[in-house]
Amino acid sequence: MITANTRLLGVFGNPVSQSLSPLIHNAAIARAGFDAVYLAFKTESANQATESIRAMGMAGANITIPFKVSIINSMDKLHVTARQIGAVNTIVNNKGILTGYNTDASGAIMALKQRTKIKGKHAVVLGAGGAARAVTYGLIQEGAMVTVANRTVSRAKALARHFSCDFVPLARAGSLAADILINTTSVGMGTNKAPIKLRHRYDVVFDIVYKPKTTELLRQAARKGAATIPGLDMLVYQAAESFRLWFGKEPDVRLMKAVAARHSQ
Ligand code: ATR
């Protein structure tokens with residue numbers, strides 16, 4: 001029920017109409033019995049997002065493409081993980097003080113840990129954007145060795161320098177001998193294209209793209225005998241971590257997964 005005391009949360013991005021976050025969060029909010037609602041807001045700038053959060057007295061928000069990096073400058077406080085990654089995807093509003101967090105890294109690691117050990121493994125990360133930074137940070141924290149592969153090699157080099165890891169051009173990633181491959185590029189979103197042709201048999205292949213549920217990269221990986229992890233897992237785990245930050249309570253993660261799966265085709 002919406003009341004005069006209903007707490008407002010939401011996701012800011014551009015575009016944002018495809019976001020599954022309102023469905024996932026509102027289901028979890030209803031299950032927990034909280035007087036809160038979560039909406040999607042298309043915004044023109046990071047500043048517009050933070051001004052709106054303050055003006056409407058929102059309890060918190062998610063930030064998505066393309067503002068995860070630029071939003072950093074308008075935070076009052078930054079959690080250490082967000083600072084080290086250089087991107088914010090979750091904001092908590094505590095009496096007008098906005099603190100930026102990053103739950104993408106822990107969401108990705110949680111998704112991986114369901115299928116594989118990470119410590120001591122060699123992982124190849126495709127991409128060099130904000131998602132790649134979060135995933136690379138998480139992997140290194142967990143004790144993996146990382147090689148970053150990107151179409152624009154200068155971006156791979158910059159990311160590799162930031163995290164003290166290796167880098168290669170994207171075209172070489174398909175045959176690089178390693179244990180885990182993670183796609184953080186947008187290639188495959190809404191299409192049947194894959195960012196690379198898989199030649200090496202990775203033990204585990206994780207694609208953060210969640211639409212379609214089974215991407216072309218995951219199909220190639222399954223044909224080679226790899227264990228595959230769909231993007232929906234990370235989407236749900238990062239959402240669950242945001243929920244914990246806003247409400248201080250454990251959400252019904254199984255319900256969140258079921259809702260995401262139902263709406264991702
Ligand atoms: P995000 O913050 O979500 O990671 P981003 O910063 O725009 O988004 O990064 C998108 C990533 O997808 C980049 O690594 C990009 O490669 P470039 O740095 O070369 O642009 C990658 N990407 C997007 N479209 C691609 C394509 N068609 N082929 C290969 N890589 C692509």
# chains A, B, ... in the order shown; residues from 1 in each chain; ligands from 1

$ select_by_dssp --residues "region 6-199 of chain A" --states "alpha helix (DSSP H)" --output "PyMOL selection string"
chain A and resi 21-32+46-55+80-85+104-113+130-141+153-163

$ residues_near_ligand --ligand "ligand 1" --cutoff "7 Å" --atoms "only C-alpha atoms and all ligand atoms" --output "list of chain:residue names"
A:Ile65, A:Pro66, A:Lys68, A:Leu126, A:Gly127, A:Ala128, A:Gly129, A:Gly130, A:Ala131, A:Ala132, A:Asn150, A:Arg151, A:Thr152, A:Arg155, A:Thr184, A:Thr185, A:Ser186, A:Val187, A:Pro195

$ write_last_selection --atoms "C-alpha atoms" --output "PDB file, in the first residue's frame"
ATOM      1  CA  ILE A  65      24.510   3.320 -17.632  1.00  0.00           C
ATOM      2  CA  PRO A  66      25.997   5.839 -18.410  1.00  0.00           C
ATOM      3  CA  LYS A  68      28.130   5.050 -12.809  1.00  0.00           C
ATOM      4  CA  LEU A 126      36.432  -9.004 -21.702  1.00  0.00           C
ATOM      5  CA  GLY A 127      35.837  -5.241 -21.703  1.00  0.00           C
ATOM      6  CA  ALA A 128      37.356  -2.207 -20.015  1.00  0.00           C
ATOM      7  CA  GLY A 129      34.349  -0.125 -18.920  1.00  0.00           C
ATOM      8  CA  GLY A 130      32.763   0.344 -15.495  1.00  0.00           C
ATOM      9  CA  ALA A 131      31.529  -3.244 -15.297  1.00  0.00           C
ATOM     10  CA  ALA A 132      34.997  -4.569 -16.166  1.00  0.00           C
ATOM     11  CA  ASN A 150      39.399  -5.107 -24.878  1.00  0.00           C
ATOM     12  CA  ARG A 151      38.676  -3.925 -28.423  1.00  0.00           C
ATOM     13  CA  THR A 152      40.275  -0.546 -27.685  1.00  0.00           C
ATOM     14  CA  ARG A 155      41.524   1.244 -22.415  1.00  0.00           C
ATOM     15  CA  THR A 184      31.550  -7.473 -19.339  1.00  0.00           C
ATOM     16  CA  THR A 185      31.073  -5.873 -22.776  1.00  0.00           C
ATOM     17  CA  SER A 186      27.592  -5.081 -24.020  1.00  0.00           C
ATOM     18  CA  VAL A 187      28.021  -7.389 -27.031  1.00  0.00           C
ATOM     19  CA  PRO A 195      32.236 -10.561 -28.419  1.00  0.00           C
TER      20      PRO A 195
END

$ residues_around --residues "region 141-148 of chain A" --least-positions-apart "3" --cutoff "6 Å" --atoms "only C-alpha atoms" --output "ChimeraX atom specification"
/A:118-125,138,156,165-167

$ closest_residue --among "A:Pro22, A:Pro230, A:Gly86, A:Gly174" --to "Thr214 (chain A)" --atoms "only C-alpha atoms"
A:Pro230

$ atom_distance --atom1 "CA of Ala261 (chain A)" --atom2 "CA of Ala222 (chain A)"
19.5 Å

$ select_by_dssp --residues "region 67-216 of chain A" --states "strand (DSSP E)" --output "PyMOL selection string"
chain A and resi 77-78+90-94+97-101+122-126+145-150+166-169+180-183+204-207

$ closest_residue --among "A:Leu9, A:Val205, A:Leu112, A:Ile53" --to "Ile97 (chain A)" --atoms "only C-alpha atoms"
A:Ile53

$ closest_residue --among "A:Phe34, A:Phe41, A:Tyr210, A:Phe12" --to "Asn62 (chain A)" --atoms "only C-alpha atoms"
A:Phe12

$ residues_around --residues "Lys249 (chain A)" --least-positions-apart "5" --cutoff "9 Å" --atoms "only C-alpha atoms" --output "number ranges by chain"
A: 32, 243-244

$ closest_residue --among "A:Gln265, A:Ser175, A:Asn26, A:Thr136" --to "Ala240 (chain A)" --atoms "only C-alpha atoms"
A:Asn26

$ residues_around --residues "Ile72 (chain A)" --least-positions-apart "2" --cutoff "10 Å" --atoms "only C-alpha atoms" --output "list in words"
Ala46, Asn47, Phe67, Lys68, Val69, Ser70, Ser74, Met75, Asp76, Lys77, Leu78, Ala82, Arg83, Gly86, Ala87, Val88, Asn89, Thr99, Gly100 and Tyr101 of chain A

$ atom_distance --atom1 "CA of Gly188 (chain A)" --atom2 "CA of Ile63 (chain A)"
21.8 Å

$ closest_residue --among "A:Thr228, A:Ser106, A:Ser242, A:Asn94" --to "Ala61 (chain A)" --atoms "only C-alpha atoms"
A:Ser242

$ closest_residue --among "A:Val259, A:Ile109, A:Val168, A:Ala221" --to "Ala134 (chain A)" --atoms "only C-alpha atoms"
A:Ile109
